[in-house]
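Participant: Sharing a structure with you now.
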Amino acid sequence: MGRKRRLSWAVLVDGRSIWTRNACPKVSQYGESLRRFQGVEHRRWDPTRSKLGAALARARHTQYDLLPDEGSTCLYLGAGHGTSLSHIHDQVCGTDNQLAGRIIAVDLSPRCLRDLIHMAKIRPGLVPILGDARKFSTWGVMVSTKVDWLFQDVSQAGQAEIFIDAANRFLKPGGKGLLSLKAASERWSGEGERVVFEGVAQQLLDAGFTIEEQINLHGLEDNHCLFYITN
Ligand SMILES: C[S@@+](CC[C@H](N)C(=O)[O-])C[C@H]1O[C@@H](n2cnc3c(N)ncnc32)[C@H](O)[C@@H]1O
């Protein structure tokens, strides 16, 4: 068994694997394994199925900073079927939302929304919204205060522009923003993913953000890079 250390109250690293304290005991959300540490049930965070999980595994010096605080307000654009979101919920809300957190989860796909609504029933604090990340005017009213933590994982062209607009509109001063970027989703003319990543880094700097770390997810999530910024 590996050496254990905590990244936060809910997130534990055991050797090379990452675990979150399960806010819904006995429930495995996506087939991940469950295991007790000191009598408390945890869920294994699979870094090959979650860009945030991969970033936690790969970060060199911001591993302790990437996660949102417990009880914070978060906005997640491109929540998918809720794989990463469920672990964020363990951290931000806990069982029965004892920590009074709030995670607004936006996705364009009705199929994803169906899964997110199902998850929200057993994970209070989650607010699923069917919406297009590019069109805040249709769902932005649901985000009543600025958020502490913004995460984006929408695999479609123009990811940096969508993220910059969302951060300018919704991220609190001093907030944290995480952009998961899929190189292959961008329109490119064969120049290679490194050039795409460099271009996006420059866009983020030009928009006035500080890049705290650019984390290459190669090997866990190929063609992906995660930018962790502050404003
Ligand atoms: C890679 S998946 C997300 C996986 C999820 N973040 C996770 O780690 O569990 C990308 C998601 O972005 C959604 N998406 C794509 N374009 C979008 C847009 N413009 N607005 C909102 N969601 C979008 C897709 O429907 C899809 O569910």
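Chain labels run A, B, ... following the order of the structure tokens; each chain numbers its residues from 1, and ligands are numbered from 1 in the order shown.
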Please return as a PyMOL selection string: the residues of stretch 22-194 of chain A that backbone DSSP assigns to helix (DSSP H, G or I).
Facilitator: chain A and resi 51-58+83-92+95-97+110-122+136-142+159-170+183-185+193-194
Participant: Per residue of chain A within 9 Å of ligand 1, note the shortest atom pair and the distance in Å to one decimal, counting only C-alpha atoms and all ligand atoms, and order the rows by chain and increasing residue number, as JSON lines.
Facilitator:
```
{"residue": "A:Arg49", "atom": "CA", "partner": "ligand 1", "partner_atom_place_in_ligand_line": "8 (O)", "distance": 6.6}
{"residue": "A:Ser50", "atom": "CA", "partner": "ligand 1", "partner_atom_place_in_ligand_line": "8 (O)", "distance": 4.2}
{"residue": "A:Lys51", "atom": "CA", "partner": "ligand 1", "partner_atom_place_in_ligand_line": "8 (O)", "distance": 5.5}
{"residue": "A:Leu52", "atom": "CA", "partner": "ligand 1", "partner_atom_place_in_ligand_line": "8 (O)", "distance": 6.7}
{"residue": "A:Gly53", "atom": "CA", "partner": "ligand 1", "partner_atom_place_in_ligand_line": "8 (O)", "distance": 8.2}
{"residue": "A:Tyr76", "atom": "CA", "partner": "ligand 1", "partner_atom_place_in_ligand_line": "6 (N)", "distance": 7.9}
{"residue": "A:Leu77", "atom": "CA", "partner": "ligand 1", "partner_atom_place_in_ligand_line": "21 (C)", "distance": 5.8}
{"residue": "A:Gly78", "atom": "CA", "partner": "ligand 1", "partner_atom_place_in_ligand_line": "12 (O)", "distance": 3.6}
{"residue": "A:Ala79", "atom": "CA", "partner": "ligand 1", "partner_atom_place_in_ligand_line": "6 (N)", "distance": 4.4}
{"residue": "A:Gly80", "atom": "CA", "partner": "ligand 1", "partner_atom_place_in_ligand_line": "27 (O)", "distance": 3.3}
{"residue": "A:His81", "atom": "CA", "partner": "ligand 1", "partner_atom_place_in_ligand_line": "9 (O)", "distance": 5.9}
{"residue": "A:Gly82", "atom": "CA", "partner": "ligand 1", "partner_atom_place_in_ligand_line": "9 (O)", "distance": 4.8}
{"residue": "A:Thr83", "atom": "CA", "partner": "ligand 1", "partner_atom_place_in_ligand_line": "9 (O)", "distance": 3.8}
{"residue": "A:Ser84", "atom": "CA", "partner": "ligand 1", "partner_atom_place_in_ligand_line": "9 (O)", "distance": 4.2}
{"residue": "A:Leu85", "atom": "CA", "partner": "ligand 1", "partner_atom_place_in_ligand_line": "9 (O)", "distance": 6.1}
{"residue": "A:Ser86", "atom": "CA", "partner": "ligand 1", "partner_atom_place_in_ligand_line": "9 (O)", "distance": 8.2}
{"residue": "A:Val106", "atom": "CA", "partner": "ligand 1", "partner_atom_place_in_ligand_line": "21 (C)", "distance": 5.8}
{"residue": "A:Asp107", "atom": "CA", "partner": "ligand 1", "partner_atom_place_in_ligand_line": "22 (N)", "distance": 3.8}
{"residue": "A:Leu108", "atom": "CA", "partner": "ligand 1", "partner_atom_place_in_ligand_line": "22 (N)", "distance": 4.1}
{"residue": "A:Ser109", "atom": "CA", "partner": "ligand 1", "partner_atom_place_in_ligand_line": "25 (O)", "distance": 4.5}
{"residue": "A:Pro110", "atom": "CA", "partner": "ligand 1", "partner_atom_place_in_ligand_line": "25 (O)", "distance": 8.2}
{"residue": "A:Arg111", "atom": "CA", "partner": "ligand 1", "partner_atom_place_in_ligand_line": "25 (O)", "distance": 8.4}
{"residue": "A:Cys112", "atom": "CA", "partner": "ligand 1", "partner_atom_place_in_ligand_line": "27 (O)", "distance": 6.1}
{"residue": "A:Leu113", "atom": "CA", "partner": "ligand 1", "partner_atom_place_in_ligand_line": "27 (O)", "distance": 8.8}
{"residue": "A:Leu130", "atom": "CA", "partner": "ligand 1", "partner_atom_place_in_ligand_line": "21 (C)", "distance": 7.8}
{"residue": "A:Gly131", "atom": "CA", "partner": "ligand 1", "partner_atom_place_in_ligand_line": "21 (C)", "distance": 5.8}
{"residue": "A:Asp132", "atom": "CA", "partner": "ligand 1", "partner_atom_place_in_ligand_line": "20 (N)", "distance": 3.6}
{"residue": "A:Ala133", "atom": "CA", "partner": "ligand 1", "partner_atom_place_in_ligand_line": "20 (N)", "distance": 3.7}
{"residue": "A:Arg134", "atom": "CA", "partner": "ligand 1", "partner_atom_place_in_ligand_line": "19 (N)", "distance": 5.5}
{"residue": "A:Lys135", "atom": "CA", "partner": "ligand 1", "partner_atom_place_in_ligand_line": "19 (N)", "distance": 8.0}
{"residue": "A:Phe151", "atom": "CA", "partner": "ligand 1", "partner_atom_place_in_ligand_line": "6 (N)", "distance": 8.5}
{"residue": "A:Gln152", "atom": "CA", "partner": "ligand 1", "partner_atom_place_in_ligand_line": "6 (N)", "distance": 7.2}
{"residue": "A:Asp153", "atom": "CA", "partner": "ligand 1", "partner_atom_place_in_ligand_line": "6 (N)", "distance": 4.9}
{"residue": "A:Val154", "atom": "CA", "partner": "ligand 1", "partner_atom_place_in_ligand_line": "12 (O)", "distance": 3.7}
{"residue": "A:Ser155", "atom": "CA", "partner": "ligand 1", "partner_atom_place_in_ligand_line": "10 (C)", "distance": 5.0}
{"residue": "A:Gln156", "atom": "CA", "partner": "ligand 1", "partner_atom_place_in_ligand_line": "16 (N)", "distance": 5.4}
{"residue": "A:Ala157", "atom": "CA", "partner": "ligand 1", "partner_atom_place_in_ligand_line": "16 (N)", "distance": 8.5}
{"residue": "A:Gln159", "atom": "CA", "partner": "ligand 1", "partner_atom_place_in_ligand_line": "19 (N)", "distance": 8.7}
{"residue": "A:Ile162", "atom": "CA", "partner": "ligand 1", "partner_atom_place_in_ligand_line": "19 (N)", "distance": 8.1}
{"residue": "A:Ser180", "atom": "CA", "partner": "ligand 1", "partner_atom_place_in_ligand_line": "6 (N)", "distance": 8.5}
{"residue": "A:Lys182", "atom": "CA", "partner": "ligand 1", "partner_atom_place_in_ligand_line": "1 (C)", "distance": 8.7}
```
Participant: Keeping only N, CA and C atoms, write those residues as a compact mmCIF listing (two decimals), in the first residue's frame.
Facilitator:
```txt
# COMPACT_ATOMS: atom_id res chain seq x y z
N ARG A 49 -10.49 8.93 -16.94
CA ARG A 49 -11.88 9.28 -17.32
C ARG A 49 -12.27 10.66 -16.86
N SER A 50 -11.30 11.39 -16.33
CA SER A 50 -11.60 12.72 -15.80
C SER A 50 -10.39 13.62 -16.01
N LYS A 51 -10.59 14.72 -16.74
CA LYS A 51 -9.47 15.63 -16.99
C LYS A 51 -8.99 16.26 -15.68
N LEU A 52 -9.92 16.53 -14.80
CA LEU A 52 -9.51 17.11 -13.52
C LEU A 52 -8.71 16.08 -12.70
N GLY A 53 -9.17 14.83 -12.74
CA GLY A 53 -8.43 13.76 -12.06
C GLY A 53 -7.02 13.64 -12.64
N TYR A 76 -19.46 24.81 -13.63
CA TYR A 76 -18.81 23.76 -14.42
C TYR A 76 -19.44 23.76 -15.81
N LEU A 77 -18.68 24.12 -16.82
CA LEU A 77 -19.19 24.18 -18.19
C LEU A 77 -18.75 22.93 -18.95
N GLY A 78 -19.71 22.15 -19.41
CA GLY A 78 -19.40 20.90 -20.10
C GLY A 78 -19.30 19.78 -19.08
N ALA A 79 -20.36 19.61 -18.31
CA ALA A 79 -20.33 18.66 -17.18
C ALA A 79 -20.45 17.21 -17.63
N GLY A 80 -20.86 16.99 -18.89
CA GLY A 80 -20.95 15.63 -19.42
C GLY A 80 -21.92 14.79 -18.59
N HIS A 81 -21.52 13.55 -18.33
CA HIS A 81 -22.39 12.66 -17.56
C HIS A 81 -22.11 12.78 -16.05
N GLY A 82 -21.19 13.65 -15.69
CA GLY A 82 -21.00 13.93 -14.26
C GLY A 82 -19.87 13.18 -13.59
N THR A 83 -18.96 12.62 -14.39
CA THR A 83 -17.87 11.83 -13.80
C THR A 83 -17.01 12.70 -12.87
N SER A 84 -16.39 13.74 -13.42
CA SER A 84 -15.56 14.63 -12.58
C SER A 84 -16.42 15.38 -11.57
N LEU A 85 -17.60 15.77 -12.06
CA LEU A 85 -18.51 16.56 -11.21
C LEU A 85 -18.82 15.84 -9.90
N SER A 86 -18.99 14.53 -9.96
CA SER A 86 -19.34 13.79 -8.74
C SER A 86 -18.23 13.91 -7.70
N VAL A 106 -23.40 23.00 -16.34
CA VAL A 106 -24.04 23.31 -17.62
C VAL A 106 -23.59 22.30 -18.67
N ASP A 107 -24.54 21.81 -19.44
CA ASP A 107 -24.17 20.99 -20.60
C ASP A 107 -25.24 21.16 -21.68
N LEU A 108 -24.76 20.99 -22.90
CA LEU A 108 -25.57 21.20 -24.10
C LEU A 108 -26.43 19.98 -24.43
N SER A 109 -26.03 18.83 -23.93
CA SER A 109 -26.64 17.59 -24.37
C SER A 109 -27.78 17.15 -23.45
N PRO A 110 -28.99 16.95 -24.01
CA PRO A 110 -30.11 16.48 -23.19
C PRO A 110 -29.83 15.13 -22.52
N ARG A 111 -29.06 14.27 -23.19
CA ARG A 111 -28.75 12.96 -22.57
C ARG A 111 -27.90 13.15 -21.32
N CYS A 112 -26.93 14.06 -21.43
CA CYS A 112 -26.09 14.33 -20.25
C CYS A 112 -26.95 14.93 -19.14
N LEU A 113 -27.84 15.85 -19.52
CA LEU A 113 -28.68 16.49 -18.51
C LEU A 113 -29.51 15.49 -17.73
N LEU A 130 -29.46 22.78 -18.67
CA LEU A 130 -29.31 22.48 -20.09
C LEU A 130 -29.02 23.81 -20.79
N GLY A 131 -27.82 23.95 -21.31
CA GLY A 131 -27.50 25.24 -21.91
C GLY A 131 -26.22 25.17 -22.71
N ASP A 132 -26.03 26.20 -23.51
CA ASP A 132 -24.83 26.33 -24.33
C ASP A 132 -23.88 27.28 -23.62
N ALA A 133 -22.67 26.80 -23.36
CA ALA A 133 -21.69 27.61 -22.62
C ALA A 133 -21.43 28.94 -23.31
N ARG A 134 -21.65 29.01 -24.62
CA ARG A 134 -21.37 30.25 -25.36
C ARG A 134 -22.49 31.28 -25.21
N LYS A 135 -23.65 30.83 -24.71
CA LYS A 135 -24.81 31.74 -24.69
C LYS A 135 -25.30 31.95 -23.27
N PHE A 151 -14.74 25.80 -13.97
CA PHE A 151 -14.08 24.71 -14.69
C PHE A 151 -14.75 24.58 -16.05
N GLN A 152 -13.94 24.42 -17.10
CA GLN A 152 -14.53 24.24 -18.43
C GLN A 152 -13.92 23.05 -19.15
N ASP A 153 -14.78 22.21 -19.68
CA ASP A 153 -14.35 21.04 -20.45
C ASP A 153 -15.36 20.81 -21.57
N VAL A 154 -15.41 21.75 -22.51
CA VAL A 154 -16.34 21.60 -23.65
C VAL A 154 -15.50 21.29 -24.88
N SER A 155 -15.54 20.07 -25.33
CA SER A 155 -14.67 19.72 -26.46
C SER A 155 -15.28 20.25 -27.75
N GLN A 156 -15.10 21.54 -27.98
CA GLN A 156 -15.55 22.12 -29.25
C GLN A 156 -14.65 23.30 -29.60
N ALA A 157 -14.69 23.73 -30.85
CA ALA A 157 -13.78 24.80 -31.28
C ALA A 157 -14.06 26.09 -30.51
N GLN A 159 -12.53 27.00 -27.61
CA GLN A 159 -12.58 26.76 -26.16
C GLN A 159 -12.01 27.92 -25.35
N ILE A 162 -14.47 30.91 -25.26
CA ILE A 162 -15.63 30.61 -24.39
C ILE A 162 -15.20 30.78 -22.92
N SER A 180 -9.80 22.98 -19.42
CA SER A 180 -9.30 21.74 -20.01
C SER A 180 -9.39 21.90 -21.52
N LYS A 182 -8.77 20.58 -25.37
CA LYS A 182 -8.52 19.44 -26.26
C LYS A 182 -8.01 20.00 -27.58
```
Participant: Calculate how many Å separate atom CA of A:Cys93 from atom CA of A:Thr20, rounding to one decimal.
Facilitator: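 These two atoms are separated by 12.0 Å.
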Participant: Please identify all polymer residues within 9 Å of A:Pro173, counting only C-alpha atoms, omitting same-chain residues fewer than 3 positions from it, and present them as a PyMOL selection string.
Facilitator: chain A and resi 146+148+176+230-231
Participant: Keeping only C-alpha atoms, write the selected residues as a compact mmCIF listing (two decimals), in the first residue's frame.
Facilitator:
```txt
# COMPACT_ATOMS: atom_id res chain seq x y z
CA LYS A 146 -19.92 35.37 -8.97
CA ASP A 148 -15.10 30.96 -6.64
CA LYS A 176 -9.66 30.06 -9.71
CA THR A 230 -6.23 33.15 -11.53
CA ASN A 231 -7.65 36.57 -12.29
```
Participant: Could you give me, as a list in words, the residues within 12 Å of A:Glu186, counting only C-alpha atoms and dropping anything in the same chain fewer than 5 positions from it?
Facilitator: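 The neighbour list is Val154, Ser155, Gln156, Ala157, Gly158, Gln159, Ala160, Glu161, Leu181, Glu191, Gly192, Glu193, Val195, Val196, Phe197, Gly199, Val200, Asn223 and His224 of chain A.
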Participant: Keeping only C-alpha atoms, write those residues as a PDB file, in the first residue's frame.
Facilitator:
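Writing done, so here's out-v9.pdb:
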```pdb
ATOM      1  CA  VAL A 154     -16.336  21.600 -23.647  1.00  0.00           C
ATOM      2  CA  SER A 155     -14.671  19.719 -26.461  1.00  0.00           C
ATOM      3  CA  GLN A 156     -15.550  22.121 -29.250  1.00  0.00           C
ATOM      4  CA  ALA A 157     -13.780  24.802 -31.279  1.00  0.00           C
ATOM      5  CA  GLY A 158     -13.152  28.182 -29.662  1.00  0.00           C
ATOM      6  CA  GLN A 159     -12.582  26.756 -26.158  1.00  0.00           C
ATOM      7  CA  ALA A 160     -10.293  29.607 -25.077  1.00  0.00           C
ATOM      8  CA  GLU A 161     -12.729  32.331 -26.185  1.00  0.00           C
ATOM      9  CA  LEU A 181      -8.235  22.124 -23.618  1.00  0.00           C
ATOM     10  CA  GLU A 191       0.919  22.789 -36.857  1.00  0.00           C
ATOM     11  CA  GLY A 192       0.865  20.358 -33.920  1.00  0.00           C
ATOM     12  CA  GLU A 193      -0.702  20.456 -30.490  1.00  0.00           C
ATOM     13  CA  VAL A 195       1.552  25.284 -31.084  1.00  0.00           C
ATOM     14  CA  VAL A 196      -2.168  25.151 -30.251  1.00  0.00           C
ATOM     15  CA  PHE A 197      -1.359  25.095 -26.514  1.00  0.00           C
ATOM     16  CA  GLY A 199      -1.532  30.017 -28.742  1.00  0.00           C
ATOM     17  CA  VAL A 200      -4.118  29.459 -26.030  1.00  0.00           C
ATOM     18  CA  ASN A 223      -4.124  15.749 -26.787  1.00  0.00           C
ATOM     19  CA  HIS A 224      -5.230  17.545 -23.652  1.00  0.00           C
TER      20      HIS A 224
END
```
Participant: Please compute the atom CA of A:Tyr30-atom CA of A:Gly219 distance, one decimal, in Å.
Facilitator: 20.9 Å
Participant: Give me the residues within 8 Å of stretch 59-69 of chain A as a PyMOL selection string, counting only C-alpha atoms and dropping any in the same chain fewer than 4 places off.
Facilitator: chain A and resi 7-8+55+74+88+91-92+148-149+176+178+212-213+215+228
Participant: Go ahead and write the residues just picked, N, CA and C atoms, as a short mmCIF file (atom, residue, chain, number, x, y, z; two decimals), in the first residue's frame.
Facilitator:
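Done, and the output landed in selection-v8.cif:
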```
data_model
loop_
_atom_site.label_atom_id
_atom_site.label_comp_id
_atom_site.auth_asym_id
_atom_site.auth_seq_id
_atom_site.Cartn_x
_atom_site.Cartn_y
_atom_site.Cartn_z
N LEU A 7 -5.10 15.91 0.03
CA LEU A 7 -5.05 17.15 -0.73
C LEU A 7 -6.05 18.14 -0.16
N SER A 8 -7.07 17.61 0.52
CA SER A 8 -8.11 18.46 1.10
C SER A 8 -8.86 17.59 2.10
N ALA A 55 -5.35 15.99 -14.16
CA ALA A 55 -4.57 17.18 -13.79
C ALA A 55 -4.05 17.06 -12.35
N CYS A 74 -19.39 27.05 -7.42
CA CYS A 74 -18.62 26.62 -8.59
C CYS A 74 -19.49 26.62 -9.84
N ILE A 88 -16.10 16.43 -7.51
CA ILE A 88 -16.13 17.83 -7.05
C ILE A 88 -17.22 17.99 -6.00
N GLN A 91 -16.19 16.97 -2.61
CA GLN A 91 -15.32 17.96 -1.99
C GLN A 91 -16.08 19.22 -1.55
N VAL A 92 -16.97 19.70 -2.41
CA VAL A 92 -17.59 21.02 -2.19
C VAL A 92 -18.83 20.94 -1.29
N ASP A 148 -16.47 31.09 -7.15
CA ASP A 148 -15.10 30.96 -6.64
C ASP A 148 -14.23 30.13 -7.57
N TRP A 149 -14.88 29.26 -8.31
CA TRP A 149 -14.14 28.25 -9.09
C TRP A 149 -14.91 27.99 -10.37
N LYS A 176 -10.52 31.00 -8.97
CA LYS A 176 -9.66 30.06 -9.71
C LYS A 176 -10.41 29.60 -10.96
N LEU A 178 -10.13 26.87 -14.35
CA LEU A 178 -9.43 25.73 -14.94
C LEU A 178 -10.01 25.47 -16.32
N GLU A 212 -1.17 29.94 -13.57
CA GLU A 212 -0.47 29.38 -12.40
C GLU A 212 0.26 28.10 -12.79
N GLU A 213 -0.38 27.31 -13.65
CA GLU A 213 0.30 26.12 -14.18
C GLU A 213 -0.40 25.66 -15.45
N ILE A 215 -0.78 22.26 -17.38
CA ILE A 215 -0.54 20.86 -17.04
C ILE A 215 -0.83 19.98 -18.26
N TYR A 228 -4.47 26.23 -15.52
CA TYR A 228 -5.00 26.71 -14.24
C TYR A 228 -4.63 28.20 -14.14
#
```
Participant: Can you check which residues of stretch 143-218 of chain A DSSP gives as strand (DSSP E or B) on the backbone and send them as a list in words?
Facilitator: Val147, Asp148, Trp149, Leu150, Phe151, Gln152, Leu171, Lys172, Pro173, Gly174, Gly175, Lys176, Gly177, Leu178, Leu179, Ser180, Leu181, Lys182, Thr210, Ile211, Glu212, Glu213, Gln214, Ile215 and Asn216 of chain A
Participant: Figure out the distance between atom CA of A:Ser17 and atom CA of A:Val147, please, to one decimal in Å.
Facilitator: 29.0 Å
Participant: If we count only C-alpha atoms, what is near A:Cys24 at a cut-off of 12 Å, once residues fewer than 4 positions away on the same chain are taken out, given as a list in words?
Facilitator: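 Here the answer would be Thr20, Ser28, Gln29, Leu34, Val40, Glu41, His42, Arg43, Ser86, His87, His89, Asp90, Gln91, Cys93, Gly94, Thr95, Asp96, Asn97, Met119, Ala120, Lys121, Ile122, Arg123 and Pro124 of chain A.
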Participant: Those residues with N, CA and C atoms, as a short mmCIF file (atom, residue, chain, number, x, y, z; two decimals), in the first residue's frame please?
Facilitator:
```
data_model
loop_
_atom_site.label_atom_id
_atom_site.label_comp_id
_atom_site.auth_asym_id
_atom_site.auth_seq_id
_atom_site.Cartn_x
_atom_site.Cartn_y
_atom_site.Cartn_z
N THR A 20 -11.89 10.17 -3.29
CA THR A 20 -12.66 11.21 -2.60
C THR A 20 -13.62 10.55 -1.62
N SER A 28 -21.59 3.91 -6.27
CA SER A 28 -20.49 4.11 -7.21
C SER A 28 -21.10 4.81 -8.42
N GLN A 29 -20.59 5.99 -8.79
CA GLN A 29 -21.27 6.79 -9.82
C GLN A 29 -21.01 6.31 -11.23
N LEU A 34 -14.90 1.40 -4.61
CA LEU A 34 -15.14 2.02 -3.30
C LEU A 34 -14.22 1.35 -2.30
N VAL A 40 -13.92 5.30 6.74
CA VAL A 40 -14.75 6.21 5.93
C VAL A 40 -14.67 5.79 4.46
N GLU A 41 -15.83 5.64 3.84
CA GLU A 41 -15.86 5.18 2.45
C GLU A 41 -15.38 6.26 1.48
N HIS A 42 -14.52 5.85 0.57
CA HIS A 42 -14.01 6.74 -0.47
C HIS A 42 -14.25 6.12 -1.85
N ARG A 43 -14.25 6.97 -2.89
CA ARG A 43 -14.42 6.51 -4.28
C ARG A 43 -13.13 6.80 -5.04
N SER A 86 -18.99 14.53 -9.96
CA SER A 86 -19.34 13.79 -8.74
C SER A 86 -18.23 13.91 -7.70
N HIS A 87 -16.98 13.91 -8.15
CA HIS A 87 -15.87 14.05 -7.19
C HIS A 87 -15.80 15.47 -6.64
N HIS A 89 -18.34 17.31 -6.24
CA HIS A 89 -19.43 17.38 -5.27
C HIS A 89 -19.00 16.80 -3.92
N ASP A 90 -18.27 15.69 -3.93
CA ASP A 90 -17.77 15.12 -2.66
C ASP A 90 -16.99 16.18 -1.89
N GLN A 91 -16.19 16.97 -2.61
CA GLN A 91 -15.32 17.96 -1.99
C GLN A 91 -16.08 19.22 -1.55
N CYS A 93 -19.56 19.82 -1.41
CA CYS A 93 -20.85 19.73 -0.72
C CYS A 93 -20.86 18.70 0.43
N GLY A 94 -20.32 17.53 0.18
CA GLY A 94 -20.37 16.47 1.19
C GLY A 94 -21.79 15.91 1.31
N THR A 95 -21.94 14.96 2.22
CA THR A 95 -23.22 14.28 2.38
C THR A 95 -24.33 15.26 2.72
N ASP A 96 -25.45 15.14 2.01
CA ASP A 96 -26.63 16.03 2.22
C ASP A 96 -26.26 17.51 2.15
N ASN A 97 -25.26 17.81 1.43
CA ASN A 97 -24.75 19.18 1.31
C ASN A 97 -24.53 19.82 2.68
N MET A 119 -28.34 12.56 -10.84
CA MET A 119 -27.29 12.71 -9.84
C MET A 119 -27.64 13.79 -8.81
N ALA A 120 -28.26 14.86 -9.28
CA ALA A 120 -28.59 15.98 -8.37
C ALA A 120 -29.61 15.55 -7.31
N LYS A 121 -30.41 14.52 -7.64
CA LYS A 121 -31.41 14.06 -6.65
C LYS A 121 -30.74 13.44 -5.44
N ILE A 122 -29.61 12.78 -5.66
CA ILE A 122 -28.93 12.15 -4.52
C ILE A 122 -27.74 12.99 -4.04
N ARG A 123 -27.44 14.05 -4.78
CA ARG A 123 -26.31 14.90 -4.40
C ARG A 123 -26.78 16.36 -4.33
N PRO A 124 -27.47 16.73 -3.24
CA PRO A 124 -27.95 18.11 -3.14
C PRO A 124 -26.80 19.11 -3.16
#
```
Participant: Leaving out A:Ile211 and any residue of its chain fewer than 5 positions from it, which residues lie within 8 Å of it when counting only C-alpha atoms, given as a list in words?
Facilitator: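 The neighbour list is Ala201, Leu204, Leu205, Phe227, Tyr228, Ile229 and Thr230 of chain A.
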